[in-house]
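A.B. asks: File follows, entry-v8.csv with CSV, C-alpha atoms:
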```
chain,number,residue,atom,x,y,z
A,157,MET,CA,100.4,80.0,110.6
A,158,ILE,CA,99.9,80.6,114.3
A,159,ASP,CA,96.5,82.1,113.7
A,160,GLN,CA,95.2,79.0,111.9
A,161,VAL,CA,96.5,76.9,114.8
A,162,LYS,CA,94.8,79.1,117.4
A,163,GLN,CA,91.6,78.9,115.4
A,164,LYS,CA,91.7,75.1,115.3
A,165,ILE,CA,92.4,74.9,119.1
A,166,ASN,CA,89.6,77.3,119.8
A,167,GLU,CA,87.2,75.2,117.6
A,168,LEU,CA,88.2,71.9,119.3
A,169,LEU,CA,87.9,73.4,122.8
A,170,SER,CA,84.7,75.3,122.3
A,171,GLN,CA,83.0,72.3,120.6
A,172,GLY,CA,84.1,70.2,123.5
A,173,SER,CA,85.5,67.5,121.2
A,174,VAL,CA,88.8,67.5,123.2
A,175,LYS,CA,89.4,67.8,126.9
A,176,GLY,CA,92.6,69.8,126.3
A,177,VAL,CA,95.2,70.6,123.8
A,178,VAL,CA,98.9,69.9,124.3
A,179,ALA,CA,101.0,72.6,122.7
A,180,LEU,CA,103.7,75.2,123.5
A,181,ALA,CA,103.2,78.4,125.4
A,182,TYR,CA,105.2,81.3,126.7
A,183,ALA,CA,105.4,81.8,130.4
A,184,HIS,CA,107.9,83.9,132.3
A,185,GLY,CA,109.7,84.7,129.0
A,186,HIS,CA,110.3,81.0,128.1
A,187,ALA,CA,108.4,78.7,125.8
A,188,GLY,CA,107.5,75.4,127.3
A,189,PRO,CA,104.9,72.5,127.0
A,190,CYS,CA,101.4,73.5,128.1
A,191,LEU,CA,97.9,72.1,128.3
A,192,PHE,CA,95.3,74.4,127.0
A,193,GLN,CA,91.8,73.8,128.3
A,194,LYS,CA,88.4,75.4,127.7
A,195,GLY,CA,88.5,79.1,128.6
A,196,ASP,CA,92.3,79.4,128.6
A,197,ASP,CA,93.8,82.4,126.9
A,198,LEU,CA,95.5,81.4,123.7
A,199,ASP,CA,97.6,84.5,123.4
A,200,ALA,CA,100.6,82.7,125.0
A,201,LEU,CA,100.6,80.0,122.3
A,202,CYS,CA,103.8,79.6,120.3
A,203,LEU,CA,105.1,77.1,117.7
A,204,GLY,CA,108.6,76.6,119.0
A,205,ASP,CA,110.4,79.0,116.7
A,206,GLU,CA,112.6,81.2,118.8
A,207,LYS,CA,115.8,82.4,117.0
A,208,LYS,CA,115.3,80.1,114.1
A,209,ALA,CA,112.6,77.7,113.0
A,210,GLY,CA,111.9,74.8,115.3
A,211,ASP,CA,114.7,75.5,117.8
A,212,VAL,CA,112.5,75.3,120.8
A,213,ARG,CA,110.7,72.0,120.3
A,214,TYR,CA,109.6,69.8,123.2
A,215,PRO,CA,108.5,66.2,123.3
A,216,LEU,CA,104.7,67.0,123.3
A,217,ASN,CA,103.8,63.4,122.6
A,218,LYS,CA,105.5,62.4,125.9
A,219,VAL,CA,103.3,64.9,127.7
A,220,LEU,CA,100.3,63.3,125.9
A,221,ILE,CA,101.3,59.9,127.2
A,222,THR,CA,101.5,61.2,130.8
A,223,LEU,CA,98.0,62.7,130.4
A,224,ALA,CA,96.6,59.6,128.6
A,225,ARG,CA,97.9,57.2,131.3
A,226,GLN,CA,96.0,59.3,134.0
A,227,TYR,CA,93.0,60.1,131.9
A,228,PRO,CA,92.6,57.2,129.5
A,229,ASP,CA,89.0,58.0,128.6
A,230,ASP,CA,89.6,61.6,127.5
A,231,VAL,CA,90.4,62.9,124.1
A,232,PHE,CA,93.3,65.4,123.7
A,233,GLY,CA,94.6,67.6,120.9
A,234,VAL,CA,98.3,67.8,120.3
A,235,LEU,CA,100.4,70.2,118.2
A,236,VAL,CA,102.5,68.1,115.8
A,237,ARG,CA,105.2,68.6,113.1
A,238,GLY,CA,106.0,65.8,110.6
A,239,CYS,CA,108.2,64.0,113.1
A,240,ASP,CA,105.7,64.2,115.9
A,241,GLU,CA,103.0,62.7,113.7
A,242,ARG,CA,105.3,59.9,112.8
A,243,GLY,CA,105.7,59.6,116.6
A,244,LEU,CA,101.9,59.4,117.0
A,245,TYR,CA,101.7,56.6,114.4
A,246,GLY,CA,104.5,54.7,116.2
A,247,LEU,CA,102.8,55.2,119.6
A,248,TYR,CA,99.5,53.9,118.2
A,249,ARG,CA,101.4,50.8,116.9
A,250,LEU,CA,103.1,50.3,120.2
A,251,LYS,CA,99.7,50.6,122.1
A,252,GLN,CA,100.8,53.7,124.1
A,253,LEU,CA,98.1,56.0,122.7
A,254,GLU,CA,94.8,55.3,121.1
A,255,PRO,CA,94.1,56.9,117.7
A,256,ASP,CA,90.5,57.8,118.6
A,257,LYS,CA,91.7,59.6,121.7
A,258,VAL,CA,94.1,61.9,119.9
A,259,VAL,CA,93.3,64.9,117.6
A,260,PRO,CA,96.6,66.1,115.9
A,261,ILE,CA,97.0,69.7,115.0
A,262,GLY,CA,99.6,69.5,112.2
A,263,ILE,CA,102.0,72.2,111.1
A,264,SER,CA,104.7,71.8,108.4
A,265,CYS,CA,108.3,72.7,108.9
A,266,PRO,CA,110.1,75.4,106.8
A,267,ARG,CA,112.7,74.3,104.2
A,268,ASP,CA,115.7,75.4,106.2
A,269,LEU,CA,114.6,73.3,109.2
A,270,ALA,CA,113.9,70.3,107.0
A,271,LEU,CA,117.3,70.6,105.4
A,272,ALA,CA,119.1,70.9,108.8
A,273,CYS,CA,117.2,67.8,110.0
A,274,GLU,CA,117.7,65.9,106.7
A,275,CYS,CA,114.0,65.1,107.4
A,276,LYS,CA,112.3,62.6,105.1
A,277,LYS,CA,108.9,64.1,105.6
A,278,PRO,CA,108.9,67.5,107.3
A,279,TRP,CA,105.1,67.8,107.2
A,280,PRO,CA,102.3,65.8,108.8
A,281,ASP,CA,99.6,64.0,106.7
A,282,ASP,CA,96.9,65.8,108.7
A,283,MET,CA,97.8,69.5,108.3
A,284,THR,CA,96.2,72.5,110.0
A,285,ALA,CA,98.7,75.1,108.9
A,286,GLY,CA,101.5,75.3,106.4
A,287,GLU,CA,101.9,73.4,103.2
A,288,ALA,CA,103.5,70.1,102.0
A,289,PRO,CA,106.3,70.9,99.6
A,290,ASN,CA,106.9,68.6,96.8
A,291,GLU,CA,109.7,66.0,97.2
A,292,LYS,CA,112.2,68.0,95.1
A,293,GLU,CA,111.6,71.3,97.0
A,294,SER,CA,111.7,69.7,100.4
A,295,GLY,CA,115.2,68.6,99.5
A,296,GLY,CA,115.5,66.9,102.9
A,297,THR,CA,115.7,63.3,101.8
A,298,GLU,CA,119.4,63.2,101.1
A,299,GLN,CA,121.0,61.6,104.2
A,300,LYS,CA,124.3,63.4,103.9
A,301,GLY,CA,125.4,62.9,107.5
A,302,VAL,CA,125.1,59.2,107.2
A,303,GLN,CA,126.8,59.2,103.8
A,304,ASP,CA,129.8,61.2,105.2
A,305,VAL,CA,130.4,58.7,107.9
A,306,GLU,CA,129.9,55.8,105.5
A,307,GLY,CA,132.6,57.4,103.3
A,308,LYS,CA,135.2,56.8,106.0
A,309,GLU,CA,137.4,53.7,106.2
A,310,GLN,CA,136.2,51.2,108.7
A,311,PRO,CA,139.0,51.8,111.3
A,312,GLU,CA,138.4,55.5,111.1
A,313,ARG,CA,134.7,55.0,111.5
A,314,PHE,CA,135.3,52.8,114.5
A,315,ASP,CA,137.5,55.4,116.1
A,316,PHE,CA,135.0,58.1,115.4
A,317,TRP,CA,132.2,56.3,117.2
A,318,LYS,CA,134.5,55.2,120.1
A,319,ASP,CA,135.6,58.8,120.6
A,320,GLN,CA,132.0,60.0,120.5
A,321,PHE,CA,130.8,57.3,123.0
A,322,LEU,CA,133.8,58.1,125.4
A,323,LYS,CA,132.4,61.6,125.9
A,324,CYS,CA,129.2,60.2,127.4
A,325,VAL,CA,128.5,61.3,130.9
A,326,LYS,CA,125.5,58.9,131.3
A,327,CYS,CA,123.0,61.6,132.0
A,328,TYR,CA,120.3,59.4,130.3
A,329,GLY,CA,119.1,62.6,128.7
A,330,CYS,CA,118.7,61.0,125.3
A,331,ARG,CA,116.3,58.5,126.8
A,332,ASP,CA,114.5,61.0,129.1
A,333,ILE,CA,113.8,63.5,126.3
A,334,CYS,CA,112.8,60.8,123.8
A,335,PRO,CA,109.1,60.9,122.9
A,336,MET,CA,109.3,57.2,121.9
A,337,CYS,CA,110.8,56.0,125.2
A,338,PHE,CA,108.0,55.1,127.4
A,339,CYS,CA,109.0,51.8,129.1
A,340,TYR,CA,108.6,51.5,132.9
A,341,ASP,CA,111.7,49.2,133.0
A,342,CYS,CA,114.5,50.4,130.8
A,343,SER,CA,117.3,48.1,129.5
A,344,LEU,CA,119.8,50.9,130.1
A,345,GLU,CA,119.1,50.4,133.9
A,346,CYS,CA,119.6,46.6,133.7
A,347,GLU,CA,122.9,46.0,135.5
A,348,ASP,CA,123.6,42.9,133.4
A,349,LEU,CA,124.0,45.2,130.4
A,350,VAL,CA,125.1,48.5,131.9
A,351,SER,CA,127.1,49.0,135.0
A,352,LYS,CA,125.6,51.3,137.6
A,353,GLY,CA,127.3,54.6,138.5
A,354,ASP,CA,130.5,53.9,136.5
A,355,LEU,CA,132.2,56.1,134.0
A,356,PRO,CA,133.3,55.8,131.2
A,357,VAL,CA,130.1,54.4,130.0
A,358,ASP,CA,130.1,50.7,128.8
A,359,ILE,CA,131.3,51.0,125.2
A,360,PRO,CA,129.6,50.2,122.9
A,361,THR,CA,126.9,48.4,124.9
A,362,PHE,CA,125.1,51.5,126.3
A,363,HIS,CA,124.7,53.3,123.0
A,364,LEU,CA,124.1,50.3,120.9
A,365,VAL,CA,121.5,48.9,123.2
A,366,ARG,CA,119.7,52.2,122.8
A,367,ALA,CA,120.2,52.2,119.1
A,368,MET,CA,118.7,48.7,118.8
A,369,HIS,CA,115.7,49.7,120.8
A,370,MET,CA,115.3,52.8,118.6
A,371,ALA,CA,115.6,50.8,115.4
A,372,ASP,CA,111.8,50.5,114.8
A,373,ARG,CA,110.8,53.4,117.0
A,374,CYS,CA,113.0,56.5,116.3
A,375,ILE,CA,111.0,59.0,114.3
A,376,ASP,CA,114.0,61.2,113.7
A,377,CYS,CA,112.9,64.3,115.7
A,378,GLY,CA,116.4,65.0,116.8
A,379,LEU,CA,115.5,65.9,120.4
A,380,CYS,CA,118.2,63.5,121.7
A,381,ASP,CA,120.9,65.4,119.8
A,382,GLU,CA,119.7,68.7,121.3
A,383,ALA,CA,119.6,67.3,124.8
A,384,CYS,CA,123.0,65.7,124.8
A,385,PRO,CA,125.4,67.8,126.9
A,386,VAL,CA,128.5,66.5,125.2
A,387,ASP,CA,127.2,66.6,121.6
A,388,ILE,CA,127.3,62.9,120.7
A,389,PRO,CA,125.7,62.7,117.2
A,390,LEU,CA,122.9,60.3,118.4
A,391,ARG,CA,120.6,61.2,115.7
A,392,LEU,CA,123.2,60.2,113.1
A,393,LEU,CA,123.5,56.8,114.8
A,394,TYR,CA,119.7,56.3,114.8
A,395,LYS,CA,119.5,57.5,111.2
A,396,LYS,CA,121.9,54.7,110.3
A,397,THR,CA,119.9,52.2,112.2
A,398,ALA,CA,116.7,53.4,110.5
A,399,GLU,CA,118.5,53.1,107.1
A,400,VAL,CA,119.3,49.4,107.8
A,401,MET,CA,115.6,48.8,108.8
A,402,ASN,CA,114.5,50.4,105.6
A,403,HIS,CA,117.0,48.5,103.3
A,404,GLU,CA,116.4,45.2,105.0
A,405,PHE,CA,112.7,45.3,105.7
A,406,GLY,CA,111.3,48.3,103.8
A,407,PHE,CA,110.2,49.7,107.1
A,408,THR,CA,110.4,53.4,108.1
A,409,SER,CA,109.1,54.2,111.6
A,410,GLY,CA,105.9,56.2,111.6
A,411,ILE,CA,105.8,56.9,107.9
A,412,ASN,CA,102.6,54.9,107.4
A,413,LYS,CA,99.8,54.9,109.9
A,414,ASN,CA,99.1,51.2,110.0
A,415,GLU,CA,102.5,49.8,109.4
A,416,ILE,CA,103.6,46.7,111.4
A,417,SER,CA,107.2,46.7,112.7
A,418,PRO,CA,109.2,43.7,111.5
A,419,LEU,CA,110.8,43.6,115.0
A,420,SER,CA,107.4,43.0,116.7
A,421,LEU,CA,106.6,40.0,114.5
A,422,MET,CA,106.8,36.5,115.9
A,423,GLY,CA,106.4,33.7,113.5
A,424,PRO,CA,105.2,34.0,109.9
A,425,MET,CA,104.3,37.3,108.3
A,426,PRO,CA,100.6,38.0,108.9
A,427,GLU,CA,98.5,38.2,105.7
A,428,LYS,CA,97.6,41.7,104.7
B,584,MET,CA,92.7,68.3,135.3
B,585,ASP,CA,95.6,70.4,136.3
B,586,TYR,CA,98.7,70.0,134.1
B,587,LYS,CA,101.5,72.4,134.7
B,588,ASN,CA,105.1,73.1,133.9
B,589,THR,CA,106.7,75.2,136.5
B,590,LEU,CA,109.9,77.0,135.4
B,591,THR,CA,112.6,76.7,138.1
B,592,THR,CA,116.3,76.4,138.8
B,593,CYS,CA,118.0,73.2,139.7
B,594,THR,CA,119.0,72.9,143.3
B,595,TYR,CA,121.7,70.3,142.9
B,596,CYS,CA,124.7,72.6,142.3
B,597,GLY,CA,125.6,76.2,141.8
B,598,CYS,CA,125.4,76.2,138.0
B,599,GLY,CA,121.8,77.3,137.9
B,600,CYS,CA,120.4,75.1,135.1
B,601,ASN,CA,116.8,75.9,134.2
B,602,PHE,CA,114.1,73.3,133.9
B,603,PHE,CA,110.4,72.8,134.1
B,604,LEU,CA,109.0,70.7,136.9
B,605,GLU,CA,106.1,68.9,135.2
B,606,SER,CA,103.1,68.2,137.4
B,607,LEU,CA,99.7,66.6,137.0
B,608,ASP,CA,97.0,67.2,139.5
B,609,GLY,CA,99.4,68.4,142.1
B,610,ARG,CA,101.9,65.5,141.8
B,611,LEU,CA,105.3,65.8,140.1
B,612,THR,CA,105.6,63.7,137.0
B,613,GLY,CA,108.8,64.8,135.4
B,614,THR,CA,111.7,67.2,134.7
B,615,ILE,CA,112.0,68.9,131.3
B,616,PRO,CA,115.2,70.9,130.7
B,617,CYS,CA,114.4,74.5,129.5
B,618,LYS,CA,115.7,74.9,125.9
B,619,THR,CA,115.9,78.7,126.3
B,620,GLY,CA,117.7,78.6,129.7
B,621,PRO,CA,120.9,80.5,129.0
B,622,VAL,CA,123.0,78.3,131.3
B,623,ASN,CA,122.0,74.8,130.1
B,624,GLU,CA,120.3,75.4,126.7
B,625,GLY,CA,118.0,72.3,127.0
B,626,LYS,CA,120.6,70.0,128.5
B,627,LEU,CA,120.9,68.5,132.1
B,628,CYS,CA,123.1,66.2,134.0
B,629,ILE,CA,121.7,63.0,135.5
B,630,LYS,CA,121.0,64.7,138.8
B,631,GLY,CA,119.0,67.5,137.2
B,632,TRP,CA,117.1,65.0,135.1
B,633,ASN,CA,115.9,63.3,138.3
B,634,ALA,CA,115.3,66.4,140.3
B,635,HIS,CA,111.6,65.5,140.6
B,636,GLU,CA,112.3,62.1,142.0
B,637,PHE,CA,113.2,62.8,145.6
B,638,VAL,CA,110.4,65.2,146.3
B,639,GLN,CA,107.7,62.5,146.7
B,640,SER,CA,110.0,59.8,147.9
B,641,ASP,CA,108.7,57.7,150.8
B,642,GLU,CA,112.2,57.7,152.2
B,643,ARG,CA,112.3,61.5,152.5
B,644,LEU,CA,112.9,62.8,156.0
B,645,LYS,CA,110.1,65.2,157.0
B,646,LYS,CA,110.9,65.8,160.6
B,647,PRO,CA,114.2,66.3,162.5
B,648,LEU,CA,115.7,63.1,164.0
B,649,LEU,CA,117.5,63.0,167.3
B,650,ARG,CA,119.4,60.0,168.6
B,651,LYS,CA,118.0,58.9,172.0
B,652,ASP,CA,119.4,55.8,173.7
B,653,GLY,CA,121.0,54.8,170.4
B,654,GLU,CA,117.7,55.1,168.4
B,655,LEU,CA,116.8,57.9,165.9
B,656,VAL,CA,113.5,59.3,166.9
B,657,GLU,CA,111.4,62.1,165.4
B,658,VAL,CA,111.4,65.3,167.4
B,659,SER,CA,110.0,68.8,167.0
B,660,TRP,CA,112.1,71.6,165.4
B,661,ASP,CA,112.2,73.4,168.7
B,662,GLU,CA,113.7,70.3,170.5
B,663,ALA,CA,116.2,69.7,167.7
B,664,LEU,CA,117.4,73.3,167.6
B,665,ASP,CA,117.6,73.6,171.4
B,666,PHE,CA,119.7,70.4,171.6
B,667,THR,CA,122.0,71.6,168.8
B,668,ALA,CA,122.5,75.0,170.2
B,669,THR,CA,123.2,73.7,173.7
B,670,ARG,CA,125.7,71.1,172.5
B,671,LEU,CA,127.5,73.6,170.2
B,672,LYS,CA,127.9,76.0,173.1
B,673,GLU,CA,129.2,73.2,175.4
B,674,ILE,CA,131.7,72.0,172.8
B,675,GLN,CA,132.9,75.5,172.0
B,676,LYS,CA,133.3,76.2,175.8
B,677,THR,CA,135.2,73.0,176.6
B,678,ASN,CA,137.2,72.3,173.4
B,679,GLY,CA,137.4,75.7,171.8
B,680,PRO,CA,135.8,77.1,168.6
B,681,ASP,CA,138.1,75.1,166.3
B,682,ALA,CA,136.5,71.8,167.6
B,683,ILE,CA,133.5,72.7,165.5
B,684,GLY,CA,133.4,72.6,161.7
B,685,PHE,CA,130.7,73.8,159.3
B,686,CYS,CA,129.7,72.1,156.0
B,687,ALA,CA,127.9,74.4,153.6
B,688,SER,CA,125.6,73.2,150.8
B,689,ALA,CA,125.3,73.6,147.1
B,690,LYS,CA,121.5,73.0,147.4
B,691,VAL,CA,120.8,76.2,149.2
B,692,THR,CA,121.0,79.9,148.1
B,693,ASN,CA,124.1,82.0,148.2
B,694,GLU,CA,122.5,84.1,150.9
B,695,GLU,CA,121.9,81.0,153.1
B,696,ASN,CA,125.6,80.0,152.7
B,697,TYR,CA,126.6,83.5,153.6
B,698,ILE,CA,124.7,83.4,156.8
B,699,MET,CA,126.2,80.0,157.6
B,700,GLN,CA,129.8,81.1,157.2
B,701,LYS,CA,129.0,84.3,159.1
B,702,PHE,CA,127.6,82.2,162.0
B,703,ALA,CA,130.7,80.0,161.9
B,704,ARG,CA,133.2,82.9,161.9
B,705,ALA,CA,131.4,85.6,163.9
B,706,GLY,CA,129.2,83.5,166.1
B,707,VAL,CA,131.3,80.4,166.9
B,708,GLY,CA,134.7,81.8,166.1
B,709,THR,CA,136.1,79.3,163.6
B,710,ASN,CA,137.3,79.4,160.0
B,711,SER,CA,136.5,75.7,159.6
B,712,VAL,CA,134.0,76.1,156.8
B,713,ASP,CA,133.8,73.6,153.9
B,714,HIS,CA,131.5,72.7,151.2
B,715,CYS,CA,129.8,69.5,150.1
B,716,ALA,CA,130.9,70.0,146.5
B,717,ARG,CA,134.5,69.2,147.6
B,718,LEU,CA,133.5,65.7,148.7
```
Output the file's structure as structure tokens, nothing else.
C.D. replies:
Amino acid sequence: MIDQVKQKINELLSQGSVKGVVALAYAHGHAGPCLFQKGDDLDALCLGDEKKAGDVRYPLNKVLITLARQYPDDVFGVLVRGCDERGLYGLYRLKQLEPDKVVPIGISCPRDLALACECKKPWPDDMTAGEAPNEKESGGTEQKGVQDVEGKEQPERFDFWKDQFLKCVKCYGCRDICPMCFCYDCSLECEDLVSKGDLPVDIPTFHLVRAMHMADRCIDCGLCDEACPVDIPLRLLYKKTAEVMNHEFGFTSGINKNEISPLSLMGPMPEK
Amino acid sequence: MDYKNTLTTCTYCGCGCNFFLESLDGRLTGTIPCKTGPVNEGKLCIKGWNAHEFVQSDERLKKPLLRKDGELVEVSWDEALDFTATRLKEIQKTNGPDAIGFCASAKVTNEENYIMQKFARAGVGTNSVDHCARL
């Protein structure tokens, strides 16, 4: 799979159709985000599979936003999995990236990773390497995590989330790692909502404000879960929020390229 | 276009979390925790997450400050060190070594802390050594 990715990056760079490609590379024994430019050695390229598939993923779209803000006229390639591509669609919708300035290099995720993520679509539309499994094989659509919590009685569920939120050390890691968090002014730093410098965190304001803001943005990549030092199941919370959005409005963040979010509509529904 | 992620160790405390300092064209743009860092495994505390913030801060002190006639003024390192050495000697002579205390730092290396306590004990002659992490 990596050879096909290398070939595509080589093509894009040698043709000059992109200024650079955002991907992952090894340096000093660790994989990390990297910008490959013309003439760079692609030997260090990696896909983020260390001990198991996809265990070393980084928010590459976030890197892309940093580059695009500084170089708005340049075109960049970016390595994407299914979730990252959903992220790109979301970021186009939210006017943070321009579709004609981005060339995605898509790879699919293996079944074990898709199952662990309970991912609804572990492959990108635009695929350079790997293959899209059929719905049945992918097996990742069943949202068992959400169903398990739903299965609990309301008081038990309340205690579950309260106990989870109490663990929060307010590192803001969930926001900082999130490829869909790009605001210059963040509500979580608004002192009318969240007190500054105090622990325990404002319950449930802090986590629910974030969950609301993620409702039409979260692309279910799970990087927040992985960045949380106290293992709060943030992804589970956002999966539930996404489920509500889907049931009420038929909306799934990033699943269709040109979808409009019901939360960004003012007034009557525009004619399609 | 010069985009880099430099692998480094957090300077805030002694845990030794690994992160990348992200830079674009020579300016720091972010901190990204290293997923394969054995200590922190892709997680950071709020201080670590903001490790890039102070470096380019306008409020950062770049030269030693010395209070002259009640006002803090920028001076050279030579002047600052001469003043400090002279006053430390005077205080030690008139009030004894235990009139002086030393505060070590979590933001410097083990070796630098070693040198500081050695200077306190062997140079000045006091065991009054403490650490900012106890504050």
A.B. asks: Please, which residues in chain B fall within 12 Å of chain A when counting only C-alpha atoms, and what is the closest atom pair and distance in Å to one decimal for each, ordered by chain then residue number, as a Markdown table?
C.D. replies:
```
| residue | atom | partner | partner_atom | distance |
| --- | --- | --- | --- | --- |
| B:Met584 | CA | A:Tyr227 | CA | 8.9 |
| B:Asp585 | CA | A:Leu191 | CA | 8.5 |
| B:Tyr586 | CA | A:Leu191 | CA | 6.2 |
| B:Lys587 | CA | A:Cys190 | CA | 6.7 |
| B:Asn588 | CA | A:Cys190 | CA | 6.9 |
| B:Thr589 | CA | A:Ala183 | CA | 9.1 |
| B:Leu590 | CA | A:His184 | CA | 7.8 |
| B:Thr591 | CA | A:His184 | CA | 10.4 |
| B:Asn601 | CA | A:His186 | CA | 10.3 |
| B:Phe602 | CA | A:Gly188 | CA | 9.6 |
| B:Phe603 | CA | A:Gly188 | CA | 7.8 |
| B:Leu604 | CA | A:Gly188 | CA | 10.8 |
| B:Glu605 | CA | A:Val219 | CA | 8.9 |
| B:Ser606 | CA | A:Thr222 | CA | 9.8 |
| B:Leu607 | CA | A:Leu223 | CA | 7.9 |
| B:Asp608 | CA | A:Gln226 | CA | 9.7 |
| B:Arg610 | CA | A:Gln226 | CA | 11.6 |
| B:Leu611 | CA | A:Thr222 | CA | 11.0 |
| B:Thr612 | CA | A:Thr222 | CA | 7.8 |
| B:Gly613 | CA | A:Asp332 | CA | 9.3 |
| B:Thr614 | CA | A:Asp332 | CA | 8.8 |
| B:Ile615 | CA | A:Ile333 | CA | 7.6 |
| B:Pro616 | CA | A:Ala383 | CA | 8.2 |
| B:Cys617 | CA | A:Gly188 | CA | 7.3 |
| B:Lys618 | CA | A:Val212 | CA | 6.0 |
| B:Thr619 | CA | A:His186 | CA | 6.3 |
| B:Gly620 | CA | A:His186 | CA | 7.9 |
| B:Pro621 | CA | A:His186 | CA | 10.6 |
| B:Val622 | CA | A:Pro385 | CA | 11.6 |
| B:Asn623 | CA | A:Pro385 | CA | 8.4 |
| B:Glu624 | CA | A:Ala383 | CA | 8.3 |
| B:Gly625 | CA | A:Ala383 | CA | 5.7 |
| B:Lys626 | CA | A:Ala383 | CA | 4.7 |
| B:Leu627 | CA | A:Pro385 | CA | 6.9 |
| B:Cys628 | CA | A:Cys327 | CA | 5.0 |
| B:Ile629 | CA | A:Cys327 | CA | 4.0 |
| B:Lys630 | CA | A:Cys327 | CA | 7.7 |
| B:Gly631 | CA | A:Cys327 | CA | 8.8 |
| B:Trp632 | CA | A:Gly329 | CA | 7.1 |
| B:Asn633 | CA | A:Asp332 | CA | 9.6 |
```
A.B. asks: As number ranges by chain, please: the residues near stretch 676-685 of chain B (cut-off 10 Å, only C-alpha atoms, same-chain neighbours under 3 positions excluded).
C.D. replies: B: 670-673, 688, 699-700, 702-704, 706-714
A.B. asks: Could you give me, as a PDB file with C-alpha atoms, in the coordinates of the input, the residues within 8 Å of A:Ala285, counting all atoms listed in the file and dropping anything in the same chain fewer than 4 positions from it?
C.D. replies:
```
ATOM      1  CA  MET A 157     100.400  80.000 110.600  1.00  0.00           C
ATOM      2  CA  ILE A 158      99.900  80.600 114.300  1.00  0.00           C
ATOM      3  CA  GLN A 160      95.200  79.000 111.900  1.00  0.00           C
ATOM      4  CA  VAL A 161      96.500  76.900 114.800  1.00  0.00           C
ATOM      5  CA  GLY A 262      99.600  69.500 112.200  1.00  0.00           C
ATOM      6  CA  ILE A 263     102.000  72.200 111.100  1.00  0.00           C
ATOM      7  CA  SER A 264     104.700  71.800 108.400  1.00  0.00           C
TER       8      SER A 264
END
```
A.B. asks: Need the shell around A:Ala398: protein/DNA/RNA residues with any atom at most 9 Å away, counting only C-alpha atoms. Skip same-chain ones fewer than 5 positions apart. Format as a PyMOL selection string?
C.D. replies: chain A and resi 370-376+393+403+407-409
A.B. asks: Could the residues in this selection be written to a file with C-alpha atoms, as a CSV table (one decimal), in the frame of the given file?
C.D. replies:
```
chain,number,residue,atom,x,y,z
A,370,MET,CA,115.3,52.8,118.6
A,371,ALA,CA,115.6,50.8,115.4
A,372,ASP,CA,111.8,50.5,114.8
A,373,ARG,CA,110.8,53.4,117.0
A,374,CYS,CA,113.0,56.5,116.3
A,375,ILE,CA,111.0,59.0,114.3
A,376,ASP,CA,114.0,61.2,113.7
A,393,LEU,CA,123.5,56.8,114.8
A,403,HIS,CA,117.0,48.5,103.3
A,407,PHE,CA,110.2,49.7,107.1
A,408,THR,CA,110.4,53.4,108.1
A,409,SER,CA,109.1,54.2,111.6
```
A.B. asks: Could you pull the residues within 9 Å of stretch 354-362 of chain A, counting all atoms listed in the file, minus those fewer than 5 positions along the same chain, as a ChimeraX atom specification?
C.D. replies: /A:317-318,321-326,344,349,367
A.B. asks: Let me make sure I understand: among A:Glu312, A:Asp205, A:Asp304, A:Glu287, which one has the smallest atom-to-atom distance to A:Leu269 if we use all atoms listed in the file?
C.D. replies: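 So, comparing all the options, the nearest one is A:Asp205.
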A.B. asks: Atom CA of A:Leu180 and atom CA of A:Leu201, how far apart in Å?
C.D. replies: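 About the pair atom CA of A:Leu201 and atom CA of A:Leu180: they are 5.8 Å apart.
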A.B. asks: So how many Å separate atom CA of A:Asn217 and atom CA of A:Val350, to one decimal?
C.D. replies: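 Calculated distance between atom CA of A:Asn217 and atom CA of A:Val350 is 27.6 Å.
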A.B. asks: If we count only C-alpha atoms, what is near B:Glu662 at a cut-off of 12 Å, once residues fewer than 4 positions away on the same chain are taken out, given as a VMD selection string?
C.D. replies: chain B and resid 646 to 650 656 to 658 666 to 669
A.B. asks: What is the atom CA of A:Lys352 to atom CA of B:Cys686 distance in Å?
C.D. replies: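 Distance reported for this atom pair: 28.1 Å.
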A.B. asks: Taking all atoms listed in the file into account, name the residue in A:Gly195, A:Gly233, A:Pro418, A:Pro260 that is nearest to A:Phe405.
C.D. replies: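 Using all atoms listed in the file, A:Phe405 sits closest to A:Pro418.
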A.B. asks: Considering only C-alpha atoms, can you say which of A:Phe314, A:Leu220, A:Gly307, A:Lys413 comes closest to A:Leu235?
C.D. replies: A:Leu220
